[in-house]
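First the structure, in the form of structure tokens, and then the observations on it.
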Amino acid sequence: MALPEDDPATASAEAVAEAPLVEAPADTVAGEVVLRLTDLVKTFPGVRALDGVQLEVRAGEVHCLLGQNGAGKSTLIKVLSGVHQPDSGQVEWRGEPATFANPQAAMKAGIATIYQELDLVEDLSVAENAFLGHEYRSFGFVRRGRMARHTRQILSRLGHGEIPPGRMVRSLPAAGKQIVSMARALSHEARLIIMDEPSAVLAHDEVGNLFRIIRELTAQGIAVIYISHRLEEIREIGDRVTVLKDGRTTAANLPARDTPTRDLVSRMTGRTIEYVFPDRPSDDTAGADLLQVEGLTRAGEFADVSLNVRAGEIVGIAGLVGSGRSELLETIYGARLPEAGSVRMNGKVLRPGVGAAVRAGMGMAPEERKSQALLLGEPIYRNVTLATFGRYARLGFTNAAKERAEADRIAETLELRPRDVDRPVRTLSGGNQQKVVVGRWLLGGTKLLLLDEPTRGVDVGARAELYQVIRALAAQGVGVLLVSSEVPEVLGLSDRVLVMREGRVVREAAAGELDENTVLDLVMAGSLMEGAPA
Amino acid sequence: MSDATPTPTATPERPQLPAQSPPVDPAETAVAGDKAASAGRLSWWRGDGGDGAKRNLGLIGVLAALIVVGAITKPDLYGDPNWVWNNVLAILQLASVVGVVTVGMTFVIIGGGIDLSVGAIVALAGVWCTTVATQSYGAAGMIFTALAVGICVGLVNGVLISYGRLVPFIATLAMLVAARGLAASISNKQTQVSSSTFINDIAARKVIGIPILVYILGAVVLAGWVVLNRTTFGRRTIAVGGNPEAARLAGINVRRHTMLLYALSGLCCGIAAIMLTSQATSAQAAMANLYELDAIAAAIIGGTLLSGGRGTIVGSLLGVIIFATITNLFAINGLSIEAQNMVKGGIIVAAVLVQQFQFKSVTRLLARNRVTTAT
Ligand SMILES: Nc1ncnc2c1ncn2[C@@H]1O[C@H](COP(=O)(O)OP(=O)(O)OP(=O)(O)O)[C@@H](O)[C@H]1O
Ligand SMILES: [Mg+2]
């Protein structure tokens with residue numbers, strides 16, 4: 001995720017501002033062109049999401065799409081997969097002009113998509129989800145046995161043979177759901193597989209797994225469109241890169257491995273970003289213990305966890321998905337009842353329940369933005385102030401003007417796009433929705449921030465901004481407990497790091513004493529199914 | 001622009017971000033506040049009531065169509081302004097009792113629930129406040145009893161649902177049966193006549209030419225609108241119905257709020273019970289029959305989502321008025337109740353369809369204007 005250190009990204013902004021559309025020689029990829037988009041335009045009420053996009057994808061390549069939050073990447077792939085209809089422009093699929101009236105049509109044509117927002121039916125089984133819409137059938141009856149067998153095959157190919165095909169999707173952890181949507185894409189006979197930020201919910205080893213599968217696919221001549229905000233992933237798996245900015249292609253077919261990071265970032269953002277974590281305070285400025293957790297236990301999730309967070313300190317928790325990190329955070333926050341152990345804020349034992357935790361000054365940005373954090377149909381400002389509107393109210397009457405102002409301040413700081421706090425959150429891009437979730441707790445008045453994957457899906461520039469904000473809050477005496485699957489983020493932002501494995505804290509150290517490999521060695525082991533409710 | 005935050009990440013060419021941080025720079029907030037306020041004025045149509053205003057256009061269209069039908073079938077009546085005015089009042093009066101119930105129902109549905117027991121609560125409250133014992137305390141005692149019975153039964157619903165974890169459909173269905181049963185046993189299946197002239201006058205009297213019942217409806221609708229759109233209670237209702245988990249994790253006491261919503265619905269039923277008792281100058285266990293269906297249908301055609309999280313009071317009011325207008329139309333034309341019910345069913349479907357159509361095209365139109373003026 002972090003930019004390579006040998007690349008200090010020092011290009012001046014004016015050199016970048018009028019960057020012409022670049023066409024690099026495409027000699028790296030030999031396959032014939034399977035997909036060509038010309039001047040694609042798609043508008044939503046009030047927004048030109050796509051404003052003339054060019055894209056060319058060849059068989060057997062991994063074509064990466066880069067762009068800031070709201071640049072139009074997801075919209076582009078939704079046009080390709082038949083979810084949206086373009087306003088104008090041409091789609092050429094395997095040499096012929098094509099229009100996909102609906103997702104079924106795109107699938108029939110051989111385009112399978114893994115969407116950014118999971119689109120699984122929670123109350124159907126893994127196998128039923130994988131084959132949703134194209135079940136094996138004879139005489140009108142679904143052939144469950146055959147479907148389960150095939151699903152098991154695909155899952156083991158994905159490295160997750162342990163997920164039972166008959167399991168309800170609802171009971172899977174987030175990463176397990178991601179595996180199921182990948183299984184769905186693989187259940188089609190696809191010529192092109194589109195993956196919209198598939199790695200956002202995956203832990204480190206899972207990403208390795210994903211890349212192995214992508215390589216298998218491309219070796220068979222299948223084309224892959226890959227979207228991610230993590231540049232180092234694009235370097236590792238990508239062949240060519242197309243960069244979008246404000247709905248336009250600003251660079252096409254750059255070589256994924258050798259294009260300098262500085263170029264990529266500047267074409268994405270129109271500026272350069274010195275992408276570094278904020279400095280830690282030079283001397284130990286942290287105050288008294290704010291949060292004290294002792295012997296916290298929930299069977300099957302985590303056991304005997306003790307930790308403390310001091311005022312002004314950022315404590316990071318590293319660990320695999322399923323190592324009990326999110327459950328721990330939710331328990332500290334009072335959203336789950338502990339079976340043993342205690343949680344103290346400022347020395348006082350908290351009563352059970354989220355209400356008590358919030359009154360004591362805690363705030364939590366949960367892991368899953370859609371199901372746990374957002375009112376999708378409500379305007380941005382109401383989502384930002386969901387936890388604080390009572391504070392601005394007088395005699396029970398809400399103060400919408402004040403709420404808008406506060407939300408607008410957050411929107412400006414976190415580079416929300418478009419910056420219009422009256423828009424329903426539903427119309428925001430994934431990364432921008434994430435900013436709303438985190439922004440809710442940055443309004444002030446929070447003493448302890450619990451952040452669960454705060455930068456999931458957030459672009460490079462806004463991430464740096466978010467890190468600055470978190471560090472600035474700490475400097476004002478706010479304690480932060482951070483969970484992230486991205487080890488560099490945990491190491492770079494925290495003062496102190498806890499490493500969790502299988503529900504236990506296996507190591508605690510100052511962030512400076514650990515490096516990425518040590519942490520990865522510590523967290524490895526354990527599988528997805530652990531920590532999932534039975 | 002302040003240097004309170006350490007090392008901004010952008011190159012100097014880029015405009016600097018303002019210092020984000022509590023404590024807030026007062027000057028900056030003021031500026032942002034003005035900006036936000038003017039943005040609020042520009043977008044009044046999608047202001048606090050959500051996109052209700054647009055949806056309601058569809059309903060007004062339906063209402064207009066009904067009036068046209070009336071004018072075509074009875075041109076002589078509609079030509080007489082006096083008659084028209086009286087007919088409007090008659091329709092509003094007809095809508096008043098169900099209207100009050102619908103306001104409570106709208107809150108419950110927006111909050112993610114459903115209340116099937118409203119008709120039964122009206123009956124129970126009506127019967128209870130007209131017993132000989134209650135009537136001996138005079139009109140004040142009767143009003144107090146009706147409201148208290150409504151709130152208490154609503155609270156029982158709420159406790160069963162939020163703390164007993166019963167499905168709202170089941171809990172209030174059980175209450176529907178139980179409350180009617182209790183009403184029948186209290187009244188001994190007799191019609192209980194109200195001897196309070198104060199109560200009976202409520203429905204009989206007019207103030208400045210408008211029936212008191214219509215004033216009551218207006219007051220309840222206004223109060224409902226204010227509570228839903230301008231208070232923390234309303235905000236919590238939308239949050240709890242829209243995404244209970246998100247509401248809970250934001251520190252909202254979802255269970256207590258759910259309980260209060262049913263109590264609010266019960267309160268509306270208590271008010272409706274007084275109105276209905278006054279209209280009939282009596283109460284009996286079978287009164288307010290099927291009000292739950294009328295109230296739910298009115299809320300739904302008014303744009304309230306059955307799944308919760310969205311709805312408007314004005315929409316619900318329009319829904320109730322549309323139904324009352326249909327009833328009125330059939331009465332003037334001397335048609336049967338059966339035919340009327342069939343048409344009502346059709347209207348429910350038609351209104352929702354028209355609404356969706358209107359909603360989409362109007363949004364698109366406004367959006368297009370916004371784009372062109374913005375660029
Ligand atoms: N249904 C919609 N209605 C209105 N606007 C929309 C809708 N979907 C997307 N948009 C807008 O279109 C623009 C592009 O969004 P898109 O989701 O394609 O961004 P993205 O590049 O995928 O960003 P991210 O990296 O955050 O996922 C954004 O400004 C977004 O607000
Ligand atoms: Mg996206």
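Ligands are numbered from 1 in the order shown, residues from 1 within each chain, and chains are lettered A, B, ... in the order they appear in the structure tokens.
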
Practice problem: List every residue of segment 160-284 of chain B that DSSP, applied to the backbone, labels as strand (DSSP E), and write the result as a PyMOL selection string. | Solution: chain B and resi 192-193+206-207+210-211+282-283

Practice problem: Give as number ranges by chain the residues surrounding ligand 1 up to a distance of 9 Å, considering only C-alpha atoms and all ligand atoms. | Solution: A: 42-50, 65-78, 116, 196-197, 227-229, 244-247, 417-418, 423-434, 457-459

Exercise. Residues of chain A no more than 6 Å from chain B, counting only C-alpha atoms: send them over as a PyMOL selection string.
Key: chain A and resi 45-46+273-274+354-355+358+372-373+375+387+396-398+401+404-405+444

Practice problem: Skip segment 450-452 of chain A itself and residues of its chain fewer than 6 positions away, then list as a list in words all residues within 8 Å of it, counting only C-alpha atoms. | Solution: Ser326, Leu329, Tyr333, Met362, Gly363, Met364, Ala365, Pro366, Glu367, Val438, Val480, Leu481, Leu482, Val483 and Ser484 of chain A

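Residues within 9 Å of Met275 of chain B, counting only C-alpha atoms and excluding same-chain residues fewer than 5 positions away, are Ser96, Val97, Ile199, Asn200, Ile202, Ala203, Leu213, Ile216, Gly270 and Ala280 of chain B.
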
For the residues in that selection, give me C-alpha atoms as a tab-separated table (two decimals), in the first residue's frame.
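Listing of part-v5.tsv after writing:
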```tsv
chain	number	residue	atom	x	y	z
B	96	SER	CA	-59.94	12.94	10.39
B	97	VAL	CA	-60.16	9.87	12.60
B	199	ILE	CA	-67.33	15.02	24.21
B	200	ASN	CA	-70.34	14.83	21.92
B	202	ILE	CA	-66.41	17.84	19.53
B	203	ALA	CA	-67.79	16.21	16.42
B	213	LEU	CA	-62.42	17.25	14.18
B	216	ILE	CA	-57.65	18.03	15.64
B	270	GLY	CA	-56.45	7.23	22.13
B	280	ALA	CA	-71.16	8.32	17.26
```

Exercise. Give the helix (DSSP H, G or I) residues of segment 238-368 of chain B, as DSSP finds them on the backbone, and put them as a PyMOL selection string.
Key: chain B and resi 238-242+244-249+254-280+291-301+313-332+337-368

Self-check item: Spatial neighbours of Ile337 of chain B, 12 Å, only C-alpha atoms, chain gap at least 5 places, as a ChimeraX atom specification
Solution: /B:326-331,342-344

Go ahead and dump the residues you just picked, N, CA, C and O atoms, as an mmCIF file, in the first residue's frame.
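Below you can see again.cif, which holds the result:
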```cif
data_model
loop_
_atom_site.group_PDB
_atom_site.id
_atom_site.type_symbol
_atom_site.label_atom_id
_atom_site.label_comp_id
_atom_site.auth_asym_id
_atom_site.auth_seq_id
_atom_site.Cartn_x
_atom_site.Cartn_y
_atom_site.Cartn_z
ATOM 1 N N ILE B 326 -62.501 9.062 -2.298
ATOM 2 C CA ILE B 326 -63.131 7.963 -3.038
ATOM 3 C C ILE B 326 -64.462 7.592 -2.393
ATOM 4 O O ILE B 326 -65.495 7.470 -3.076
ATOM 5 N N THR B 327 -64.419 7.424 -1.064
ATOM 6 C CA THR B 327 -65.649 7.079 -0.354
ATOM 7 C C THR B 327 -66.733 8.110 -0.642
ATOM 8 O O THR B 327 -67.883 7.780 -0.949
ATOM 9 N N ASN B 328 -66.325 9.370 -0.576
ATOM 10 C CA ASN B 328 -67.247 10.475 -0.807
ATOM 11 C C ASN B 328 -67.830 10.420 -2.224
ATOM 12 O O ASN B 328 -69.032 10.551 -2.441
ATOM 13 N N LEU B 329 -66.938 10.164 -3.175
ATOM 14 C CA LEU B 329 -67.334 10.113 -4.584
ATOM 15 C C LEU B 329 -68.385 9.034 -4.799
ATOM 16 O O LEU B 329 -69.379 9.231 -5.506
ATOM 17 N N PHE B 330 -68.165 7.887 -4.162
ATOM 18 C CA PHE B 330 -69.104 6.786 -4.324
ATOM 19 C C PHE B 330 -70.434 7.092 -3.646
ATOM 20 O O PHE B 330 -71.488 6.720 -4.149
ATOM 21 N N ALA B 331 -70.335 7.773 -2.513
ATOM 22 C CA ALA B 331 -71.574 8.121 -1.812
ATOM 23 C C ALA B 331 -72.418 9.068 -2.653
ATOM 24 O O ALA B 331 -73.626 8.867 -2.809
ATOM 25 N N MET B 342 -63.339 -2.374 -4.361
ATOM 26 C CA MET B 342 -62.567 -2.820 -5.519
ATOM 27 C C MET B 342 -61.774 -1.651 -6.097
ATOM 28 O O MET B 342 -60.590 -1.780 -6.411
ATOM 29 N N VAL B 343 -62.446 -0.506 -6.211
ATOM 30 C CA VAL B 343 -61.750 0.653 -6.764
ATOM 31 C C VAL B 343 -60.598 1.085 -5.848
ATOM 32 O O VAL B 343 -59.507 1.434 -6.306
ATOM 33 N N LYS B 344 -60.827 1.007 -4.527
ATOM 34 C CA LYS B 344 -59.771 1.371 -3.589
ATOM 35 C C LYS B 344 -58.518 0.540 -3.838
ATOM 36 O O LYS B 344 -57.396 1.057 -3.863
#
```

Exercise. May I ask which of the residues A:Asp515, A:Asp87, A:Glu56, A:Glu117 is the closest one to ligand 2, counting only C-alpha atoms and all ligand atoms?
Key: A:Glu117

Select from segment 137-243 of chain A every residue with an atom at most 9 Å from any atom of segment 30-37 of chain A, then for each give the shortest pair of atoms and their distance in Å to one decimal, using only C-alpha atoms, rows by chain and rising number, as a tab-separated table.
```
residue	atom	partner	partner_atom	distance
A:Arg191	CA	A:Val34	CA	8.5
A:Leu192	CA	A:Val34	CA	8.3
A:Gly221	CA	A:Gly31	CA	7.7
A:Ala223	CA	A:Val34	CA	8.0
```

Exercise. Can you work out the spacing between atom CA of Gly300 of chain A and atom CA of Asp495 of chain A in Å, to one decimal?
Key: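 Computing it gives 28.9 Å between the two atoms.
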
Quiz prompt | Test item: residues at most 10 Å from Ala303 of chain A, only C-alpha atoms, excluding those fewer than 4 positions along its chain, as a ChimeraX atom specification | solution = /A:295-299,324,328,339-341,502-505

Quiz item: Met524 of chain A: which residues within 8 Å, counting only C-alpha atoms, same-chain residues fewer than 5 positions away excluded, as an MDAnalysis selection string?
Solution: chainID A and resid 205 320 501

Would you write out those residues with N, CA, C and O atoms, as an mmCIF file, in the first residue's frame?
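What landed in again.cif:
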```cif
data_model
loop_
_atom_site.group_PDB
_atom_site.id
_atom_site.type_symbol
_atom_site.label_atom_id
_atom_site.label_comp_id
_atom_site.auth_asym_id
_atom_site.auth_seq_id
_atom_site.Cartn_x
_atom_site.Cartn_y
_atom_site.Cartn_z
ATOM 1 N N ASP A 205 -2.271 -12.956 3.319
ATOM 2 C CA ASP A 205 -2.092 -14.258 2.672
ATOM 3 C C ASP A 205 -3.199 -14.538 1.682
ATOM 4 O O ASP A 205 -3.006 -15.211 0.670
ATOM 5 N N LEU A 320 -4.691 -11.570 11.242
ATOM 6 C CA LEU A 320 -5.425 -11.978 10.064
ATOM 7 C C LEU A 320 -6.910 -11.690 10.261
ATOM 8 O O LEU A 320 -7.366 -11.545 11.394
ATOM 9 N N ARG A 501 -3.280 -13.490 17.141
ATOM 10 C CA ARG A 501 -3.417 -14.705 16.348
ATOM 11 C C ARG A 501 -4.417 -15.599 17.048
ATOM 12 O O ARG A 501 -4.300 -15.851 18.234
#
```
